[in-house]
2 protein chains.
Amino acid sequence: MNTKNAVTLLASLAQEARLEIFRLLVQAGPSGLAAGDIASKLNIPTSTLSFHLKELTHAGLLNAAQAGRFIYYSAAFNIMDDLLGFLTENCCQGVQSCEPKLCNTQSNEKE
Amino acid sequence: MNTKNAVTLLASLAQEARLEIFRLLVQAGPSGLAAGDIASKLNIPTSTLSFHLKELTHAGLLNAAQAGRFIYYSAAFNIMDDLLGFLTENCCQGVQSCEPKLCNTQSNEKE
DNA sequence: GCATTATTTCTATATTTATGGAAATATAGA
DNA sequence: TCTATATTTCCATAAATATAGAAATAATGC
């Protein structure tokens, strides 16, 4: 992860429709949702939705999987994890005792 | 935290100069840095920097504190925490055993 | 009040991004 | 092959955003 990469990811989330799409898919979990389901749940015209799905997918935040006539989109949890890690990197110069919760975000045990 | 609010925060980070400013301040910790220090560390013209500091501050991601002729900017850790929480809300429909690390981000003990 | 330093506002220009209708493309089943 | 459904591409228009020089504002100490 580097600055340019992170900017692309953040920009892909920094738009109302796209953020709602992403959150919906975070909640849907790894199996994701078909594009049409997303369109109807969020009430977005399909051409507009397609534009936003492309943005998110190109950025790397969504995975797309074709299944027959449907395309299932799901959140790329690993990429999102990387982004959060990048944002909190070396928080407070690495001082462990630093108060902000942000500084402890990393402390979920390493894999 | 709601969608519009989160979009404002994400948009404020979705720009190379601003992301670098924010990360620099996350690393600097609660005491922050003076605007001029930020300008020289990141090599950004002061008028451009001022524009970006305003964006970040208006969004709520930075705090500004005047000290004599200097203005110290620092990261608003609590706002960032809220944003991360919003992004991961109800991850995988709340299923605790869900694999992605993202889903466990919240599990830093509550305050 | 004057000089110095820190920061912001103003301004114009250039660039990027969002929107949604209409048409095109893809997939599957009869 | 024909039809129905799912999704994307094309397009024009509208709106938002980034850049940095020059001028303005603020704070300090003499």
# chains A, B, ... in the order shown; residues from 1 in each chain; ligands from 1
call {"tool": "interface_residues", "arguments": {"of": "chain D", "to": "chain A", "cutoff": "9 Å", "atoms": "only C-alpha atoms (C1' of nucleotides)", "output": "list of chain:residue names"}}
result
D:DT5, D:DA6, D:DT7, D:DT8, D:DT9
call {"tool": "write_last_selection", "arguments": {"atoms": "all heavy atoms", "output": "JSON list (two decimals), in the first residue's frame"}}
result
[["chain", "number", "residue", "atom", "x", "y", "z"],
["D", 5, "DT", "P", -38.48, -10.84, -18.73],
["D", 5, "DT", "OP1", -39.38, -11.22, -17.63],
["D", 5, "DT", "OP2", -38.65, -9.57, -19.47],
["D", 5, "DT", "O5'", -36.99, -10.86, -18.17],
["D", 5, "DT", "C5'", -36.46, -12.08, -17.65],
["D", 5, "DT", "C4'", -34.98, -11.87, -17.38],
["D", 5, "DT", "O4'", -34.29, -11.71, -18.64],
["D", 5, "DT", "C3'", -34.68, -10.60, -16.57],
["D", 5, "DT", "O3'", -33.87, -10.98, -15.47],
["D", 5, "DT", "C2'", -33.95, -9.68, -17.53],
["D", 5, "DT", "C1'", -33.32, -10.70, -18.49],
["D", 5, "DT", "N1", -33.00, -10.18, -19.84],
["D", 5, "DT", "C2", -31.76, -10.46, -20.35],
["D", 5, "DT", "O2", -30.93, -11.13, -19.76],
["D", 5, "DT", "N3", -31.51, -9.95, -21.60],
["D", 5, "DT", "C4", -32.38, -9.20, -22.37],
["D", 5, "DT", "O4", -32.04, -8.80, -23.47],
["D", 5, "DT", "C5", -33.67, -8.94, -21.78],
["D", 5, "DT", "C7", -34.67, -8.12, -22.54],
["D", 5, "DT", "C6", -33.92, -9.44, -20.55],
["D", 6, "DA", "P", -33.32, -9.92, -14.45],
["D", 6, "DA", "OP1", -33.30, -10.57, -13.13],
["D", 6, "DA", "OP2", -34.00, -8.62, -14.66],
["D", 6, "DA", "O5'", -31.81, -9.77, -14.94],
["D", 6, "DA", "C5'", -30.92, -10.88, -14.85],
["D", 6, "DA", "C4'", -29.51, -10.37, -15.11],
["D", 6, "DA", "O4'", -29.40, -10.01, -16.50],
["D", 6, "DA", "C3'", -29.15, -9.13, -14.30],
["D", 6, "DA", "O3'", -27.88, -9.36, -13.67],
["D", 6, "DA", "C2'", -29.09, -8.00, -15.32],
["D", 6, "DA", "C1'", -28.83, -8.73, -16.62],
["D", 6, "DA", "N9", -29.45, -8.12, -17.80],
["D", 6, "DA", "C8", -30.74, -7.69, -17.94],
["D", 6, "DA", "N7", -31.02, -7.18, -19.13],
["D", 6, "DA", "C5", -29.81, -7.30, -19.82],
["D", 6, "DA", "C6", -29.43, -6.94, -21.12],
["D", 6, "DA", "N6", -30.26, -6.39, -22.00],
["D", 6, "DA", "N1", -28.16, -7.20, -21.49],
["D", 6, "DA", "C2", -27.34, -7.76, -20.61],
["D", 6, "DA", "N3", -27.58, -8.14, -19.34],
["D", 6, "DA", "C4", -28.85, -7.87, -19.01],
["D", 7, "DT", "P", -27.27, -8.26, -12.73],
["D", 7, "DT", "OP1", -26.34, -8.95, -11.84],
["D", 7, "DT", "OP2", -28.32, -7.37, -12.18],
["D", 7, "DT", "O5'", -26.42, -7.41, -13.77],
["D", 7, "DT", "C5'", -25.37, -8.07, -14.48],
["D", 7, "DT", "C4'", -24.81, -7.13, -15.53],
["D", 7, "DT", "O4'", -25.82, -6.81, -16.50],
["D", 7, "DT", "C3'", -24.31, -5.79, -15.00],
["D", 7, "DT", "O3'", -22.89, -5.83, -14.97],
["D", 7, "DT", "C2'", -24.84, -4.77, -16.00],
["D", 7, "DT", "C1'", -25.38, -5.63, -17.13],
["D", 7, "DT", "N1", -26.53, -5.05, -17.86],
["D", 7, "DT", "C2", -26.35, -4.70, -19.18],
["D", 7, "DT", "O2", -25.29, -4.87, -19.78],
["D", 7, "DT", "N3", -27.45, -4.15, -19.79],
["D", 7, "DT", "C4", -28.69, -3.94, -19.23],
["D", 7, "DT", "O4", -29.60, -3.44, -19.89],
["D", 7, "DT", "C5", -28.82, -4.32, -17.84],
["D", 7, "DT", "C7", -30.13, -4.13, -17.12],
["D", 7, "DT", "C6", -27.75, -4.86, -17.23],
["D", 8, "DT", "P", -22.03, -4.50, -14.72],
["D", 8, "DT", "OP1", -20.73, -4.96, -14.20],
["D", 8, "DT", "OP2", -22.83, -3.51, -13.99],
["D", 8, "DT", "O5'", -21.81, -3.97, -16.21],
["D", 8, "DT", "C5'", -21.25, -4.84, -17.17],
["D", 8, "DT", "C4'", -21.11, -4.12, -18.49],
["D", 8, "DT", "O4'", -22.42, -3.72, -18.96],
["D", 8, "DT", "C3'", -20.28, -2.84, -18.42],
["D", 8, "DT", "O3'", -19.27, -2.95, -19.41],
["D", 8, "DT", "C2'", -21.26, -1.71, -18.72],
["D", 8, "DT", "C1'", -22.36, -2.41, -19.49],
["D", 8, "DT", "N1", -23.72, -1.85, -19.34],
["D", 8, "DT", "C2", -24.37, -1.37, -20.44],
["D", 8, "DT", "O2", -23.88, -1.34, -21.56],
["D", 8, "DT", "N3", -25.64, -0.90, -20.21],
["D", 8, "DT", "C4", -26.31, -0.87, -19.01],
["D", 8, "DT", "O4", -27.45, -0.45, -18.92],
["D", 8, "DT", "C5", -25.57, -1.39, -17.88],
["D", 8, "DT", "C7", -26.21, -1.42, -16.53],
["D", 8, "DT", "C6", -24.32, -1.84, -18.09],
["D", 9, "DT", "P", -18.21, -1.76, -19.59],
["D", 9, "DT", "OP1", -16.97, -2.42, -20.04],
["D", 9, "DT", "OP2", -18.25, -0.89, -18.41],
["D", 9, "DT", "O5'", -18.80, -0.93, -20.83],
["D", 9, "DT", "C5'", -18.85, -1.52, -22.10],
["D", 9, "DT", "C4'", -19.44, -0.51, -23.07],
["D", 9, "DT", "O4'", -20.78, -0.17, -22.64],
["D", 9, "DT", "C3'", -18.67, 0.81, -23.17],
["D", 9, "DT", "O3'", -18.48, 1.04, -24.56],
["D", 9, "DT", "C2'", -19.59, 1.84, -22.54],
["D", 9, "DT", "C1'", -20.96, 1.23, -22.78],
["D", 9, "DT", "N1", -22.04, 1.58, -21.83],
["D", 9, "DT", "C2", -23.21, 2.10, -22.33],
["D", 9, "DT", "O2", -23.40, 2.30, -23.52],
["D", 9, "DT", "N3", -24.17, 2.36, -21.38],
["D", 9, "DT", "C4", -24.08, 2.15, -20.02],
["D", 9, "DT", "O4", -25.02, 2.42, -19.29],
["D", 9, "DT", "C5", -22.82, 1.62, -19.57],
["D", 9, "DT", "C7", -22.62, 1.38, -18.11],
["D", 9, "DT", "C6", -21.87, 1.36, -20.48]]
call {"tool": "interface_residues", "arguments": {"of": "chain C", "to": "chain A", "cutoff": "7 Å", "atoms": "only C-alpha atoms (C1' of nucleotides)", "output": "VMD selection string"}}
result
chain C and resid 19 to 20 27
call {"tool": "write_last_selection", "arguments": {"atoms": "N, CA and C atoms (P, O5', C5', C4', C3', O3' and C1' of nucleotides)", "output": "CSV table (one decimal), in the first residue's frame"}}
result
chain,number,residue,atom,x,y,z
C,19,DT,P,-23.9,10.7,-9.0
C,19,DT,O5',-24.7,11.0,-10.3
C,19,DT,C5',-25.3,12.2,-10.5
C,19,DT,C4',-26.0,12.2,-11.8
C,19,DT,C3',-26.8,10.9,-12.1
C,19,DT,O3',-28.2,11.2,-11.9
C,19,DT,C1',-25.6,11.7,-14.0
C,20,DG,P,-29.3,10.0,-11.6
C,20,DG,O5',-29.7,9.7,-13.1
C,20,DG,C5',-30.2,10.8,-13.9
C,20,DG,C4',-30.4,10.3,-15.4
C,20,DG,C3',-31.0,8.9,-15.5
C,20,DG,O3',-31.8,8.9,-16.6
C,20,DG,C1',-29.0,8.9,-16.5
C,27,DT,P,-21.1,-14.0,-21.6
C,27,DT,O5',-22.4,-14.8,-21.0
C,27,DT,C5',-23.0,-14.3,-19.8
C,27,DT,C4',-24.3,-14.9,-19.7
C,27,DT,C3',-24.4,-16.4,-20.1
C,27,DT,O3',-24.7,-17.1,-18.9
C,27,DT,C1',-26.2,-15.1,-21.0
call {"tool": "interface_residues", "arguments": {"of": "chain A", "to": "chain B", "cutoff": "9 Å", "atoms": "only C-alpha atoms", "output": "number ranges by chain"}}
result
A: 3-4, 6-16, 19-20, 22-23, 25-30, 77-78, 80-81, 84, 86-94, 98, 100-108
call {"tool": "select_by_dssp", "arguments": {"residues": "stretch 5-103 of chain B", "states": "strand (DSSP E)", "output": "PDB file with N, CA and C atoms, in the first residue's frame"}}
result
ATOM      1  N   LEU B  33       1.523  19.474  14.542  1.00  0.00           N
ATOM      2  CA  LEU B  33       2.619  20.229  13.929  1.00  0.00           C
ATOM      3  C   LEU B  33       2.096  21.581  13.452  1.00  0.00           C
ATOM      4  N   ALA B  34       2.987  22.567  13.419  1.00  0.00           N
ATOM      5  CA  ALA B  34       2.608  23.889  12.903  1.00  0.00           C
ATOM      6  C   ALA B  34       2.482  23.808  11.385  1.00  0.00           C
ATOM      7  N   LEU B  62      -9.081  17.262  11.243  1.00  0.00           N
ATOM      8  CA  LEU B  62      -7.967  17.915  11.928  1.00  0.00           C
ATOM      9  C   LEU B  62      -8.495  18.903  12.949  1.00  0.00           C
ATOM     10  N   ASN B  63      -7.700  19.095  14.010  1.00  0.00           N
ATOM     11  CA  ASN B  63      -7.973  20.160  14.970  1.00  0.00           C
ATOM     12  C   ASN B  63      -6.903  21.212  14.775  1.00  0.00           C
ATOM     13  N   ALA B  64      -7.286  22.468  14.924  1.00  0.00           N
ATOM     14  CA  ALA B  64      -6.336  23.569  14.782  1.00  0.00           C
ATOM     15  C   ALA B  64      -6.243  24.318  16.104  1.00  0.00           C
ATOM     16  N   ALA B  65      -5.018  24.608  16.529  1.00  0.00           N
ATOM     17  CA  ALA B  65      -4.845  25.339  17.782  1.00  0.00           C
ATOM     18  C   ALA B  65      -3.818  26.442  17.576  1.00  0.00           C
ATOM     19  N   GLN B  66      -4.258  27.655  17.774  1.00  0.00           N
ATOM     20  CA  GLN B  66      -3.354  28.784  17.589  1.00  0.00           C
ATOM     21  C   GLN B  66      -2.423  28.905  18.793  1.00  0.00           C
ATOM     22  N   ALA B  67      -1.154  29.172  18.508  1.00  0.00           N
ATOM     23  CA  ALA B  67      -0.172  29.376  19.577  1.00  0.00           C
ATOM     24  C   ALA B  67       0.764  30.465  19.082  1.00  0.00           C
ATOM     25  N   PHE B  70       1.910  30.762  15.383  1.00  0.00           N
ATOM     26  CA  PHE B  70       1.800  29.438  14.783  1.00  0.00           C
ATOM     27  C   PHE B  70       0.400  28.859  14.958  1.00  0.00           C
ATOM     28  N   ILE B  71       0.030  28.024  14.004  1.00  0.00           N
ATOM     29  CA  ILE B  71      -1.205  27.272  14.199  1.00  0.00           C
ATOM     30  C   ILE B  71      -0.828  25.799  14.153  1.00  0.00           C
ATOM     31  N   TYR B  72      -1.091  25.111  15.231  1.00  0.00           N
ATOM     32  CA  TYR B  72      -0.770  23.689  15.308  1.00  0.00           C
ATOM     33  C   TYR B  72      -1.961  22.859  14.867  1.00  0.00           C
ATOM     34  N   TYR B  73      -1.708  22.024  13.894  1.00  0.00           N
ATOM     35  CA  TYR B  73      -2.747  21.123  13.413  1.00  0.00           C
ATOM     36  C   TYR B  73      -2.461  19.724  13.940  1.00  0.00           C
ATOM     37  N   SER B  74      -3.521  19.060  14.367  1.00  0.00           N
ATOM     38  CA  SER B  74      -3.353  17.677  14.833  1.00  0.00           C
ATOM     39  C   SER B  74      -4.502  16.822  14.317  1.00  0.00           C
ATOM     40  N   ALA B  75      -4.263  15.527  14.236  1.00  0.00           N
ATOM     41  CA  ALA B  75      -5.282  14.590  13.745  1.00  0.00           C
ATOM     42  C   ALA B  75      -6.401  14.454  14.768  1.00  0.00           C
TER      43      ALA B  75
END
call {"tool": "select_by_dssp", "arguments": {"residues": "chain A", "states": "helix (DSSP H, G or I)", "output": "ChimeraX atom specification"}}
result
/A:3-13,16-28,35-42,46-59,77-87,91-94,101-107
call {"tool": "closest_atom_pairs", "arguments": {"of": "chain C", "to": "stretch 18-23 of chain D", "cutoff": "10 Å", "atoms": "only C-alpha atoms (C1' of nucleotides)", "output": "JSON lines"}}
result
{"residue": "C:DT9", "atom": "C1'", "partner": "D:DA23", "partner_atom": "C1'", "distance": 8.7}
{"residue": "C:DC10", "atom": "C1'", "partner": "D:DA23", "partner_atom": "C1'", "distance": 7.9}
{"residue": "C:DT11", "atom": "C1'", "partner": "D:DA22", "partner_atom": "C1'", "distance": 9.3}
{"residue": "C:DT13", "atom": "C1'", "partner": "D:DT19", "partner_atom": "C1'", "distance": 8.7}
{"residue": "C:DA14", "atom": "C1'", "partner": "D:DT19", "partner_atom": "C1'", "distance": 8.5}
{"residue": "C:DT15", "atom": "C1'", "partner": "D:DA18", "partner_atom": "C1'", "distance": 7.8}
{"residue": "C:DT16", "atom": "C1'", "partner": "D:DA18", "partner_atom": "C1'", "distance": 9.3}
call {"tool": "write_last_selection", "arguments": {"atoms": "C-alpha atoms (C1' of nucleotides)", "output": "short mmCIF file (atom, residue, chain, number, x, y, z; two decimals), in the first residue's frame"}}
result
data_model
loop_
_atom_site.label_atom_id
_atom_site.label_comp_id
_atom_site.auth_asym_id
_atom_site.auth_seq_id
_atom_site.Cartn_x
_atom_site.Cartn_y
_atom_site.Cartn_z
"C1'" DT C 9 -7.84 34.62 0.98
"C1'" DC C 10 -8.44 35.83 -3.76
"C1'" DT C 11 -8.27 34.70 -8.48
"C1'" DT C 13 -7.28 28.24 -15.12
"C1'" DA C 14 -7.14 23.33 -15.74
"C1'" DT C 15 -8.83 18.93 -14.62
"C1'" DT C 16 -11.72 15.42 -12.85
#
call {"tool": "residues_around", "arguments": {"residues": "D:DC11", "least_positions_apart": "2", "cutoff": "10 Å", "atoms": "only C-alpha atoms (C1' of nucleotides)", "output": "list in words"}}
result
DG21 and DA22 of chain C; DT9 and DT13 of chain D
call {"tool": "atom_distance", "arguments": {"atom1": "atom CA of B:Leu61", "atom2": "atom CA of A:Gln96"}}
result
21.7 Å
call {"tool": "atom_distance", "arguments": {"atom1": "atom C1' of D:DA14", "atom2": "atom C1' of C:DA18"}}
result
8.5 Å
call {"tool": "atom_distance", "arguments": {"atom1": "atom C1' of C:DC2", "atom2": "atom CA of B:Ala39"}}
result
27.7 Å
